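This is work-v5.tsv. It holds TSV, C-alpha atoms.
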chain	number	residue	atom	x	y	z
A	1	MET	CA	48.90	70.32	130.86
A	2	LYS	CA	47.83	66.68	130.93
A	3	LEU	CA	51.14	65.43	129.53
A	4	PRO	CA	53.37	66.72	132.39
A	5	VAL	CA	51.00	65.17	134.96
A	6	PHE	CA	51.06	61.88	133.09
A	7	LEU	CA	54.86	61.97	132.89
A	8	LEU	CA	55.10	62.76	136.58
A	9	LEU	CA	52.84	59.81	137.45
A	10	ALA	CA	54.78	57.54	135.14
A	11	LEU	CA	58.08	58.52	136.77
A	12	LEU	CA	56.78	58.21	140.34
A	13	PRO	CA	57.40	54.44	140.80
A	14	SER	CA	61.03	54.79	139.70
A	15	VAL	CA	61.52	57.73	142.06
A	16	VAL	CA	60.04	55.69	144.95
A	17	SER	CA	62.21	52.72	143.97
A	18	ALA	CA	65.33	54.91	143.80
A	19	GLU	CA	64.59	56.26	147.27
A	20	ALA	CA	64.07	52.75	148.62
A	21	ASP	CA	67.36	51.72	147.01
A	22	ARG	CA	69.17	54.61	148.70
A	23	ALA	CA	67.89	53.50	152.11
A	24	LYS	CA	69.32	50.03	151.49
A	25	SER	CA	72.57	51.15	149.89
A	26	PHE	CA	76.00	51.67	151.32
A	27	GLY	CA	79.11	53.44	150.11
A	28	ASN	CA	79.82	55.95	147.42
A	29	PRO	CA	77.13	56.06	144.69
A	30	GLY	CA	79.81	57.30	142.28
A	31	ALA	CA	82.09	54.29	142.94
A	32	PRO	CA	83.44	52.50	139.83
A	33	LEU	CA	81.72	49.25	140.84
A	34	THR	CA	78.13	48.66	141.93
A	35	ILE	CA	77.26	45.43	143.72
A	36	GLU	CA	73.58	44.52	143.79
A	37	LEU	CA	73.11	41.79	146.36
A	38	PHE	CA	69.95	39.71	145.98
A	39	SER	CA	69.38	37.72	149.13
A	40	ASP	CA	66.81	35.93	151.25
A	41	PHE	CA	66.88	36.31	155.04
A	42	GLN	CA	66.01	32.64	155.58
A	43	CYS	CA	68.60	31.20	153.20
A	44	PRO	CA	71.66	29.65	154.95
A	45	ALA	CA	74.07	30.56	152.12
A	46	CYS	CA	72.90	34.20	152.37
A	47	ARG	CA	73.59	34.06	156.11
A	48	ALA	CA	77.09	32.74	155.47
A	49	LEU	CA	77.77	35.47	152.92
A	50	HIS	CA	76.39	38.17	155.20
A	51	MET	CA	78.40	37.04	158.20
A	52	GLN	CA	81.66	35.94	156.57
A	53	GLN	CA	82.34	37.62	153.23
A	54	LEU	CA	80.26	40.79	153.43
A	55	PRO	CA	82.25	42.38	156.29
A	56	LEU	CA	85.43	41.84	154.24
A	57	LEU	CA	83.78	43.26	151.14
A	58	ILE	CA	82.67	46.32	153.09
A	59	ARG	CA	86.16	46.77	154.56
A	60	ASP	CA	88.03	46.35	151.25
A	61	TYR	CA	85.67	47.87	148.67
A	62	ILE	CA	82.67	49.72	150.13
A	63	ASN	CA	84.42	51.80	152.80
A	64	PRO	CA	87.34	52.85	150.53
A	65	GLY	CA	84.78	54.02	147.92
A	66	LYS	CA	85.67	51.41	145.29
A	67	ALA	CA	82.21	49.84	145.26
A	68	TYR	CA	78.62	50.81	146.00
A	69	LEU	CA	76.51	48.14	147.69
A	70	VAL	CA	72.77	47.89	147.06
A	71	TYR	CA	70.70	45.31	148.95
A	72	LYS	CA	67.83	43.69	147.05
A	73	GLU	CA	65.18	41.44	148.51
A	74	PHE	CA	64.70	38.05	146.89
A	75	PRO	CA	62.53	36.02	149.31
A	76	LEU	CA	62.12	32.49	148.03
A	77	ASN	CA	58.70	30.84	148.22
A	78	MET	CA	60.23	27.73	149.78
A	79	HIS	CA	61.05	29.73	152.94
A	80	LYS	CA	58.06	30.30	155.20
A	81	PHE	CA	59.16	33.51	156.94
A	82	SER	CA	61.37	35.09	154.26
A	83	ARG	CA	58.81	37.55	152.99
A	84	GLU	CA	57.87	38.65	156.52
A	85	ALA	CA	61.54	39.17	157.37
A	86	ALA	CA	62.05	41.12	154.13
A	87	ALA	CA	59.05	43.32	154.96
A	88	TYR	CA	60.48	44.17	158.40
A	89	ALA	CA	63.90	44.84	156.91
A	90	CYS	CA	62.48	47.17	154.24
A	91	ALA	CA	60.35	48.91	156.86
A	92	SER	CA	63.47	49.33	159.02
A	93	ALA	CA	65.24	50.97	156.08
A	94	ARG	CA	62.64	53.74	156.29
A	95	VAL	CA	63.78	54.51	159.85
A	96	GLY	CA	67.45	54.18	158.86
A	97	LYS	CA	68.02	50.81	160.53
A	98	TYR	CA	68.28	48.39	157.61
A	99	GLU	CA	71.83	47.27	158.33
A	100	GLN	CA	71.18	46.65	162.03
A	101	VAL	CA	68.00	44.69	161.32
A	102	ALA	CA	69.63	42.68	158.53
A	103	ASP	CA	72.54	41.83	160.88
A	104	ALA	CA	70.12	40.74	163.62
A	105	LEU	CA	67.99	38.67	161.24
A	106	PHE	CA	70.97	36.84	159.77
A	107	GLN	CA	72.70	36.30	163.09
A	108	ASN	CA	69.56	34.83	164.66
A	109	GLN	CA	68.28	33.05	161.57
A	110	PRO	CA	68.26	29.54	163.17
A	111	SER	CA	66.11	30.75	166.07
A	112	TRP	CA	63.40	32.70	164.21
A	113	GLU	CA	63.11	30.23	161.37
A	114	GLU	CA	62.36	27.63	164.04
A	115	SER	CA	60.00	29.73	166.18
A	116	GLY	CA	58.55	32.04	163.51
A	117	LYS	CA	59.01	34.99	165.89
A	118	VAL	CA	60.60	37.30	163.35
A	119	PHE	CA	59.55	40.59	164.92
A	120	GLU	CA	61.11	39.66	168.29
A	121	ILE	CA	64.52	39.70	166.59
A	122	VAL	CA	63.77	42.87	164.63
A	123	ALA	CA	62.56	44.63	167.79
A	124	SER	CA	65.78	43.80	169.63
A	125	VAL	CA	67.71	46.43	167.61
A	126	LEU	CA	64.99	49.12	167.50
A	127	SER	CA	63.81	51.71	170.01
A	128	PRO	CA	60.15	51.42	171.18
A	129	ALA	CA	59.13	54.29	168.87
A	130	GLU	CA	60.93	52.67	165.92
A	131	GLN	CA	59.31	49.32	166.71
A	132	LYS	CA	55.83	50.83	166.41
A	133	LYS	CA	56.71	52.58	163.17
A	134	VAL	CA	58.34	49.49	161.64
A	135	GLN	CA	55.44	47.24	162.63
A	136	ALA	CA	52.99	49.60	160.93
A	137	LEU	CA	55.20	50.14	157.89
A	138	ALA	CA	55.74	46.40	157.36
A	139	LYS	CA	52.03	46.11	156.50
A	140	ASP	CA	52.12	49.10	154.17
A	141	PRO	CA	51.40	48.25	150.50
A	142	SER	CA	54.40	50.32	149.43
A	143	ILE	CA	56.71	47.92	151.29
A	144	LEU	CA	55.08	44.95	149.58
A	145	GLN	CA	55.50	46.81	146.29
A	146	GLU	CA	59.17	47.43	147.07
A	147	ILE	CA	59.80	43.72	147.70
A	148	ASN	CA	57.91	42.70	144.58
A	149	SER	CA	59.85	45.21	142.55
A	150	ASP	CA	63.17	43.77	143.84
A	151	VAL	CA	61.99	40.23	143.02
A	152	GLN	CA	60.92	41.33	139.55
A	153	GLU	CA	64.25	43.00	138.98
A	154	GLY	CA	66.01	39.81	140.08
A	155	GLN	CA	63.93	37.73	137.70
A	156	GLN	CA	64.78	40.11	134.87
A	157	GLU	CA	68.46	39.70	135.76
A	158	ARG	CA	67.95	35.91	135.68
A	159	VAL	CA	68.75	35.51	139.38
A	160	ASN	CA	68.28	31.76	139.89
A	161	GLN	CA	69.64	31.31	143.38
A	162	THR	CA	70.35	33.23	146.55
A	163	PRO	CA	72.60	34.90	147.30
A	164	THR	CA	73.40	36.39	143.90
A	165	MET	CA	75.62	39.39	143.40
A	166	ILE	CA	75.23	41.38	140.23
A	167	ILE	CA	78.47	43.26	139.83
A	168	VAL	CA	78.14	46.24	137.52
A	169	ARG	CA	81.17	47.88	135.91
A	170	GLY	CA	80.69	50.47	133.15
A	171	GLY	CA	77.18	49.26	132.37
A	172	LYS	CA	78.28	45.62	132.04
A	173	LYS	CA	76.72	43.17	134.48
A	174	TYR	CA	78.36	40.08	135.94
A	175	PRO	CA	76.02	37.80	137.90
A	176	ILE	CA	77.76	35.71	140.54
A	177	GLY	CA	75.66	33.30	142.55
A	178	GLY	CA	76.01	30.98	145.50
A	179	SER	CA	78.50	30.75	148.29
A	180	LEU	CA	81.75	32.46	147.39
A	181	ASN	CA	85.44	32.13	147.99
A	182	TYR	CA	86.35	35.69	149.04
A	183	ASP	CA	89.88	35.43	147.71
A	184	LEU	CA	88.60	34.68	144.20
A	185	LEU	CA	85.93	37.38	144.45
A	186	ARG	CA	88.61	39.88	145.49
A	187	ARG	CA	90.77	38.94	142.49
A	188	PHE	CA	87.79	39.43	140.20
A	189	LEU	CA	86.85	42.80	141.66
A	190	ASP	CA	90.48	43.94	141.42
A	191	ASP	CA	90.61	42.76	137.79
A	192	LEU	CA	87.46	44.76	137.05
A	193	LEU	CA	88.85	47.84	138.76
A	194	THR	CA	92.04	47.73	136.70
A	195	LYS	CA	90.16	46.95	133.45
B	1	MET	CA	74.13	3.34	96.81
B	2	THR	CA	77.44	3.03	98.61
B	3	PHE	CA	78.53	6.34	97.16
B	4	SER	CA	75.48	8.24	98.46
B	5	ARG	CA	75.67	6.62	101.92
B	6	SER	CA	79.33	7.50	102.27
B	7	ARG	CA	78.64	11.01	101.05
B	8	ALA	CA	75.91	11.48	103.66
B	9	GLY	CA	78.24	10.05	106.31
B	10	TRP	CA	80.96	12.44	105.25
B	11	ALA	CA	78.57	15.41	105.45
B	12	ILE	CA	77.33	14.40	108.91
B	13	HIS	CA	80.90	13.91	110.07
B	14	LEU	CA	81.90	17.35	108.79
B	15	LEU	CA	78.82	19.01	110.30
B	16	LEU	CA	79.44	17.39	113.69
B	17	ARG	CA	83.07	18.48	113.63
B	18	LEU	CA	82.07	22.04	112.83
B	19	VAL	CA	79.37	22.11	115.51
B	20	VAL	CA	81.50	20.60	118.29
B	21	GLY	CA	84.53	22.67	117.25
B	22	GLY	CA	82.41	25.83	116.98
B	23	VAL	CA	80.98	25.32	120.44
B	24	PHE	CA	84.49	24.90	121.86
B	25	VAL	CA	85.69	28.10	120.16
B	26	TYR	CA	82.63	30.05	121.32
B	27	SER	CA	82.99	28.74	124.86
B	28	ALA	CA	86.66	29.78	124.90
B	29	TRP	CA	85.84	33.23	123.53
B	30	THR	CA	83.19	33.90	126.23
B	31	LYS	CA	85.82	33.15	128.88
B	32	LEU	CA	88.83	34.85	127.30
B	33	ARG	CA	87.03	38.16	126.79
B	34	GLU	CA	86.47	38.45	130.58
B	35	PRO	CA	89.00	38.44	133.44
B	36	TRP	CA	90.11	34.86	134.14
B	37	SER	CA	89.08	35.30	137.78
B	38	LEU	CA	85.40	35.31	136.74
B	39	PHE	CA	85.79	31.80	135.31
B	40	ALA	CA	87.72	30.82	138.45
B	41	ILE	CA	84.64	31.70	140.54
B	42	SER	CA	82.50	29.44	138.32
B	43	ILE	CA	84.98	26.54	138.65
B	44	ASP	CA	85.21	27.01	142.41
B	45	ALA	CA	81.43	26.66	142.73
B	46	TYR	CA	81.77	22.95	141.83
B	47	HIS	CA	83.94	22.39	144.93
B	48	VAL	CA	86.21	19.80	143.31
B	49	LEU	CA	89.57	21.56	143.20
B	50	PRO	CA	91.78	23.34	145.71
B	51	GLN	CA	92.24	27.06	145.09
B	52	TRP	CA	95.57	26.69	143.27
B	53	GLY	CA	93.95	24.10	140.99
B	54	VAL	CA	90.98	26.39	140.35
B	55	MET	CA	93.31	29.22	139.33
B	56	ALA	CA	95.46	26.99	137.13
B	57	VAL	CA	92.41	25.59	135.32
B	58	ALA	CA	90.81	29.03	134.94
B	59	ARG	CA	93.95	30.36	133.27
B	60	THR	CA	94.60	27.42	130.93
B	61	LEU	CA	91.30	25.73	130.09
B	62	PRO	CA	89.91	28.48	127.80
B	63	TRP	CA	93.10	28.32	125.68
B	64	ALA	CA	92.86	24.54	125.53
B	65	GLU	CA	89.22	24.86	124.45
B	66	LEU	CA	90.21	27.34	121.76
B	67	ALA	CA	92.98	25.08	120.44
B	68	LEU	CA	90.73	22.01	120.47
B	69	GLY	CA	87.92	23.87	118.74
B	70	LEU	CA	90.22	25.10	115.99
B	71	LEU	CA	91.74	21.64	115.50
B	72	LEU	CA	88.24	20.15	115.20
B	73	ILE	CA	87.12	22.77	112.71
B	74	VAL	CA	90.24	22.54	110.57
B	75	GLY	CA	90.31	18.74	110.86
B	76	LEU	CA	93.91	18.38	112.02
B	77	TRP	CA	95.09	15.65	114.44
B	78	ARG	CA	91.60	14.20	114.45
B	79	ARG	CA	92.27	11.29	116.78
B	80	VAL	CA	93.91	13.45	119.41
B	81	SER	CA	91.45	16.33	119.10
B	82	THR	CA	88.27	14.23	119.13
B	83	LEU	CA	89.53	12.10	121.99
B	84	ALA	CA	90.54	15.15	124.04
B	85	ALA	CA	87.23	16.89	123.28
B	86	SER	CA	85.31	13.77	124.35
B	87	ALA	CA	87.32	13.47	127.55
B	88	LEU	CA	86.75	17.15	128.40
B	89	LEU	CA	83.04	17.00	127.61
B	90	ALA	CA	82.68	13.79	129.63
B	91	LEU	CA	84.36	15.55	132.57
B	92	PHE	CA	82.10	18.63	132.28
B	93	PHE	CA	78.99	16.48	131.90
B	94	GLY	CA	79.94	14.33	134.89
B	95	LEU	CA	80.51	17.40	137.07
B	96	MET	CA	77.21	18.92	136.02
B	97	VAL	CA	75.31	15.69	136.70
B	98	ARG	CA	77.02	15.43	140.09
B	99	ALA	CA	76.05	19.01	141.03
B	100	SER	CA	72.53	18.42	139.80
B	101	VAL	CA	72.15	15.17	141.79
B	102	HIS	CA	73.42	16.94	144.93
B	103	GLY	CA	70.85	19.68	144.38
B	104	GLU	CA	73.52	22.38	144.04
B	105	ALA	CA	72.03	25.39	142.27
B	106	ILE	CA	75.22	26.61	140.62
B	107	ASP	CA	76.18	28.21	137.33
B	108	CYS	CA	77.37	25.73	134.75
B	109	GLY	CA	80.19	28.11	133.72
B	110	CYS	CA	79.87	26.84	130.14
B	111	PHE	CA	79.61	30.17	128.36
B	112	GLY	CA	80.39	32.73	131.04
B	113	PRO	CA	78.36	33.48	134.15
B	114	GLY	CA	74.60	33.57	134.65
B	115	GLU	CA	73.55	30.19	133.27
B	116	ALA	CA	72.43	27.78	135.97
B	117	ILE	CA	72.71	24.01	135.55
B	118	SER	CA	69.33	22.83	134.27
B	119	PRO	CA	67.83	19.96	132.27
B	120	TRP	CA	68.53	22.08	129.17
B	121	THR	CA	72.26	22.49	129.93
B	122	LEU	CA	72.51	18.76	130.68
B	123	LEU	CA	70.77	17.89	127.41
B	124	ARG	CA	73.00	20.29	125.48
B	125	ASP	CA	76.24	19.00	127.00
B	126	GLY	CA	75.06	15.39	126.75
B	127	SER	CA	74.33	15.84	123.04
B	128	LEU	CA	77.71	17.46	122.47
B	129	LEU	CA	79.39	14.61	124.31
B	130	ALA	CA	77.54	12.04	122.18
B	131	GLY	CA	78.58	13.89	119.02
B	132	SER	CA	82.18	14.13	120.13
B	133	VAL	CA	82.36	10.45	121.08
B	134	PHE	CA	80.92	9.56	117.68
B	135	LEU	CA	83.66	11.63	116.01
B	136	ALA	CA	86.34	10.00	118.16
B	137	VAL	CA	85.11	6.49	117.35
B	138	LYS	CA	84.98	7.33	113.65
B	139	SER	CA	88.47	8.81	113.69
B	140	PHE	CA	89.90	5.60	115.16
B	141	TRP	CA	87.91	3.41	112.81
B	142	ARG	CA	88.79	5.28	109.66
B	143	LYS	CA	91.37	3.58	107.45
B	144	LYS	CA	91.31	6.00	104.52
B	145	PRO	CA	90.69	9.72	104.41
B	146	MET	CA	86.98	10.42	104.14
B	147	SER	CA	85.81	12.05	100.99
B	148	PRO	CA	82.75	11.55	98.85
B	149	ARG	CA	84.94	10.75	95.83
B	150	ALA	CA	87.07	8.14	97.53
B	151	GLY	CA	84.15	5.82	98.03
B	152	GLY	CA	84.39	6.63	101.70
B	153	SER	CA	85.35	4.67	104.75
B	154	GLU	CA	81.76	3.53	105.19
B	155	SER	CA	82.14	1.12	102.30
B	156	LEU	CA	85.43	-0.09	103.73
B	157	ILE	CA	83.85	-0.66	107.14
B	158	GLU	CA	80.89	-2.43	105.61
B	159	ALA	CA	83.17	-4.72	103.65
B	160	HIS	CA	85.19	-5.68	106.73
B	161	VAL	CA	82.16	-6.07	108.98
B	162	GLY	CA	80.55	-8.20	106.27
B	163	ASP	CA	83.31	-10.78	106.33
B	164	GLY	CA	83.67	-10.74	110.10
B	165	ARG	CA	87.25	-9.44	110.28
B	166	ASN	CA	88.48	-7.13	112.98
B	167	LEU	CA	88.85	-3.59	111.63
B	168	THR	CA	91.40	-2.46	114.17
B	169	ALA	CA	93.66	-5.47	113.72

Show me this structure written as structure tokens.
Amino acid sequence: MKLPVFLLLALLPSVVSAEADRAKSFGNPGAPLTIELFSDFQCPACRALHMQQLPLLIRDYINPGKAYLVYKEFPLNMHKFSREAAAYACASARVGKYEQVADALFQNQPSWEESGKVFEIVASVLSPAEQKKVQALAKDPSILQEINSDVQEGQQERVNQTPTMIIVRGGKKYPIGGSLNYDLLRRFLDDLLTK
Amino acid sequence: MTFSRSRAGWAIHLLLRLVVGGVFVYSAWTKLREPWSLFAISIDAYHVLPQWGVMAVARTLPWAELALGLLLIVGLWRRVSTLAASALLALFFGLMVRASVHGEAIDCGCFGPGEAISPWTLLRDGSLLAGSVFLAVKSFWRKKPMSPRAGGSESLIEAHVGDGRNLTA
């Protein structure tokens, strides 16, 4: 009797983590490629990737079901408001608004990193009820746990810069970091798909 | 005395050739087993070549590394192979130092993806470069084939240096 309870408790964190992943994932989970994107809301290169290459990636690979995109938080200590922004984004995922909040945070990065008013930007894409919920959730220990778990996962994957994409094909992982030339990325993804 | 010094020199020379050649072959293998476009992404991160140049280098460099590595290991065309290896390593080392000085946190692209430029990668490539330059200098200096039985080129060099004559003349 004790063993099943123990097993259940041991499996609980991975179940919670899988649920959190689903809320921050886009596309077909059965796609041949999985792209884990480790980013920091206050990093300029992450902003560039989010605003320039990511829409193309979504158009060419996520929407047609060729790749499954999973967002991972990797707030760097050098950025003062990164962790706060990540907490709001993860909290927004619980009300189904991760993408909208991530878009708003990246688009307005220069303003909130200057003023420190992160929630003002987050609130701009949420309804009043969602704002209350997200504000409360952002202080929840489970959100902090979710961010720490993403960071830990990134460290295990030897993520040494943001943004870093870990492209997974058939169990094999290809870490690609820094600002990217989309044309070269596209060639690589196509090569992997035909491999 | 001369015999043992030349023998040690010969052994060091051989070991260096095998190490530098082995590293070139391994580096080539890590790139050739993956799609060339993955290496192209690593090259592009240095921001020194236009896209057509990046693609040309990504397709050809691993084969050049493989050929150089094999030549070094087998010991054929020593002057050409050691000089080319030194030139390539000097180029890689220069690019890595440049990226490091500019504070660019990029992958070195030495043995596939996922290895950022760090003091360790600089030390490793710097040591390889020093070894390769040593081999190149020795290959141009050498007048006779090196072997422990032949008395070695060391004794020849010593003799010429001793009487002040120019070895390359």

Problem - atom CA of Ser92 of chain A to atom CA of Asn108 of chain A, straight-line distance in Å - result: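 Interatomic distance, atom CA of Asn108 of chain A to atom CA of Ser92 of chain A: 16.7 Å.
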
Problem - Nearest to Ser37 of chain B by atom-to-atom distance, counting all atoms listed in the file, from B:Trp77, B:Leu135, B:Gly112, B:Leu71 - result: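 Smallest separation from Ser37 of chain B among the options: B:Gly112.
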
Please identify every residue of chain A that has at least one atom no more than 8 Å from any atom of chain B, counting all atoms listed in the file, and report them as a PDB file with C-alpha atoms, in the coordinates of the input.
ATOM      1  CA  ARG A 158      67.950  35.910 135.680  1.00  0.00           C
ATOM      2  CA  VAL A 159      68.750  35.510 139.380  1.00  0.00           C
ATOM      3  CA  ASN A 160      68.280  31.760 139.890  1.00  0.00           C
ATOM      4  CA  GLN A 161      69.640  31.310 143.380  1.00  0.00           C
ATOM      5  CA  TYR A 174      78.360  40.080 135.940  1.00  0.00           C
ATOM      6  CA  PRO A 175      76.020  37.800 137.900  1.00  0.00           C
ATOM      7  CA  ILE A 176      77.760  35.710 140.540  1.00  0.00           C
ATOM      8  CA  GLY A 177      75.660  33.300 142.550  1.00  0.00           C
ATOM      9  CA  GLY A 178      76.010  30.980 145.500  1.00  0.00           C
ATOM     10  CA  SER A 179      78.500  30.750 148.290  1.00  0.00           C
ATOM     11  CA  LEU A 180      81.750  32.460 147.390  1.00  0.00           C
ATOM     12  CA  ASN A 181      85.440  32.130 147.990  1.00  0.00           C
ATOM     13  CA  LEU A 184      88.600  34.680 144.200  1.00  0.00           C
ATOM     14  CA  LEU A 185      85.930  37.380 144.450  1.00  0.00           C
ATOM     15  CA  ARG A 187      90.770  38.940 142.490  1.00  0.00           C
ATOM     16  CA  PHE A 188      87.790  39.430 140.200  1.00  0.00           C
ATOM     17  CA  ASP A 191      90.610  42.760 137.790  1.00  0.00           C
ATOM     18  CA  LEU A 192      87.460  44.760 137.050  1.00  0.00           C
TER      19      LEU A 192
END

Practice task
One decimal, Å: what's the distance from atom CA of Asp125 of chain B over to atom CA of Met96 of chain B, could you say?
Solution key: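 Atom-to-atom, atom CA of Asp125 of chain B to atom CA of Met96 of chain B, that is 9.1 Å.
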
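From atom CA of Gln52 of chain A back to atom CA of Ala89 of chain A, the distance works out to 19.9 Å.
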
List as a PDB file with C-alpha atoms, in the frame of the given file the protein and nucleic acid residues near Leu137 of chain A, meaning an atom at most 9 Å away when all atoms listed in the file are counted, but skip any in the same chain fewer than 4 places from it.
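To be explicit, this is the file written out as selection_36.pdb:
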ATOM      1  CA  ALA A  87      59.050  43.320 154.960  1.00  0.00           C
ATOM      2  CA  TYR A  88      60.480  44.170 158.400  1.00  0.00           C
ATOM      3  CA  CYS A  90      62.480  47.170 154.240  1.00  0.00           C
ATOM      4  CA  ALA A  91      60.350  48.910 156.860  1.00  0.00           C
ATOM      5  CA  SER A  92      63.470  49.330 159.020  1.00  0.00           C
ATOM      6  CA  ARG A  94      62.640  53.740 156.290  1.00  0.00           C
ATOM      7  CA  LYS A 132      55.830  50.830 166.410  1.00  0.00           C
ATOM      8  CA  LYS A 133      56.710  52.580 163.170  1.00  0.00           C
ATOM      9  CA  PRO A 141      51.400  48.250 150.500  1.00  0.00           C
ATOM     10  CA  SER A 142      54.400  50.320 149.430  1.00  0.00           C
ATOM     11  CA  ILE A 143      56.710  47.920 151.290  1.00  0.00           C
TER      12      ILE A 143
END

Ala28 of chain B environment, 7 Å, only C-alpha atoms, sequence neighbours closer than 6 positions dropped, as a tab-separated table (two decimals) with C-alpha atoms, keeping the file's coordinate frame:
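Written out: part02.tsv:
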chain	number	residue	atom	x	y	z
B	62	PRO	CA	89.91	28.48	127.80
B	63	TRP	CA	93.10	28.32	125.68
B	65	GLU	CA	89.22	24.86	124.45
B	66	LEU	CA	90.21	27.34	121.76

Exercise for the section: Pick out the residues sitting within 9 Å of Ile167 of chain A, and hand them over as JSON, numbers by chain; count all atoms listed in the file, and ignore anything fewer than 4 positions along from it in its own chain. Expected result: {"A": [33, 34, 35, 36, 37, 172, 173, 174, 175, 176, 189]}

Handout entry: Residue with smallest distance to Leu83 of chain B - pool B:Ser27, B:Ser127, B:Thr121, B:Ser139, counting only C-alpha atoms
Key =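 For Leu83 of chain B, the nearest of the candidates is B:Ser139.
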
Exercise for the section: Extract, using all atoms listed in the file, all DNA, RNA and protein residues at most 10 Å from Val23 of chain B, discarding same-chain residues fewer than 5 positions from it, and format them as a list in words. Expected result: Arg17, Leu18, Ala28, Trp29, Glu65, Leu66, Gly69, Cys110, Phe111 and Leu128 of chain B

Practice task
Could you give me, as an NGL selection string, the residues within 12 Å of Ala123 of chain A, counting only C-alpha atoms and dropping anything in the same chain fewer than 4 positions from it?
Solution key: :A and (85 or 88-89 or 91-92 or 97 or 100-102 or 104-105 or 117-119 or 127-135)

Can those selected residues be exported to a file as a PDB file, in the coordinates of the input so that it contains C-alpha atoms?
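Printed below is out.pdb as written:
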ATOM      1  CA  ALA A  85      61.540  39.170 157.370  1.00  0.00           C
ATOM      2  CA  TYR A  88      60.480  44.170 158.400  1.00  0.00           C
ATOM      3  CA  ALA A  89      63.900  44.840 156.910  1.00  0.00           C
ATOM      4  CA  ALA A  91      60.350  48.910 156.860  1.00  0.00           C
ATOM      5  CA  SER A  92      63.470  49.330 159.020  1.00  0.00           C
ATOM      6  CA  LYS A  97      68.020  50.810 160.530  1.00  0.00           C
ATOM      7  CA  GLN A 100      71.180  46.650 162.030  1.00  0.00           C
ATOM      8  CA  VAL A 101      68.000  44.690 161.320  1.00  0.00           C
ATOM      9  CA  ALA A 102      69.630  42.680 158.530  1.00  0.00           C
ATOM     10  CA  ALA A 104      70.120  40.740 163.620  1.00  0.00           C
ATOM     11  CA  LEU A 105      67.990  38.670 161.240  1.00  0.00           C
ATOM     12  CA  LYS A 117      59.010  34.990 165.890  1.00  0.00           C
ATOM     13  CA  VAL A 118      60.600  37.300 163.350  1.00  0.00           C
ATOM     14  CA  PHE A 119      59.550  40.590 164.920  1.00  0.00           C
ATOM     15  CA  SER A 127      63.810  51.710 170.010  1.00  0.00           C
ATOM     16  CA  PRO A 128      60.150  51.420 171.180  1.00  0.00           C
ATOM     17  CA  ALA A 129      59.130  54.290 168.870  1.00  0.00           C
ATOM     18  CA  GLU A 130      60.930  52.670 165.920  1.00  0.00           C
ATOM     19  CA  GLN A 131      59.310  49.320 166.710  1.00  0.00           C
ATOM     20  CA  LYS A 132      55.830  50.830 166.410  1.00  0.00           C
ATOM     21  CA  LYS A 133      56.710  52.580 163.170  1.00  0.00           C
ATOM     22  CA  VAL A 134      58.340  49.490 161.640  1.00  0.00           C
ATOM     23  CA  GLN A 135      55.440  47.240 162.630  1.00  0.00           C
TER      24      GLN A 135
END

If I wrap all listed atoms of segment 125-142 of chain B in a box with edges along x, y and z and add 8 Å on each side, what are its centre and edge lengths in Å to one decimal, as AutoDock Vina command-line options?
--center_x 82.1 --center_y 11.2 --center_z 118.3 --size_x 31.6 --size_y 31.6 --size_z 33.3

Handout entry: Distance query 8 Å from (59.7, 34.7, 158.5) using all atoms listed in the file, result as an NGL selection string
Key = :A and (42 or 79-85 or 112-113 or 116-118)

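Using all atoms listed in the file, the smallest distance between any of B:Val97, B:Val20, B:Val57, B:Leu32 and Leu72 of chain B comes from B:Val20.
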
Practice task
Pick out the closest residue to Gln152 of chain A from this set: A:Tyr182, A:Ala86, A:Phe38, A:Leu193. Count all atoms listed in the file.
Solution key: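 Going through A:Tyr182, A:Ala86, A:Phe38, A:Leu193 one by one, the smallest distance to Gln152 of chain A is for A:Phe38.
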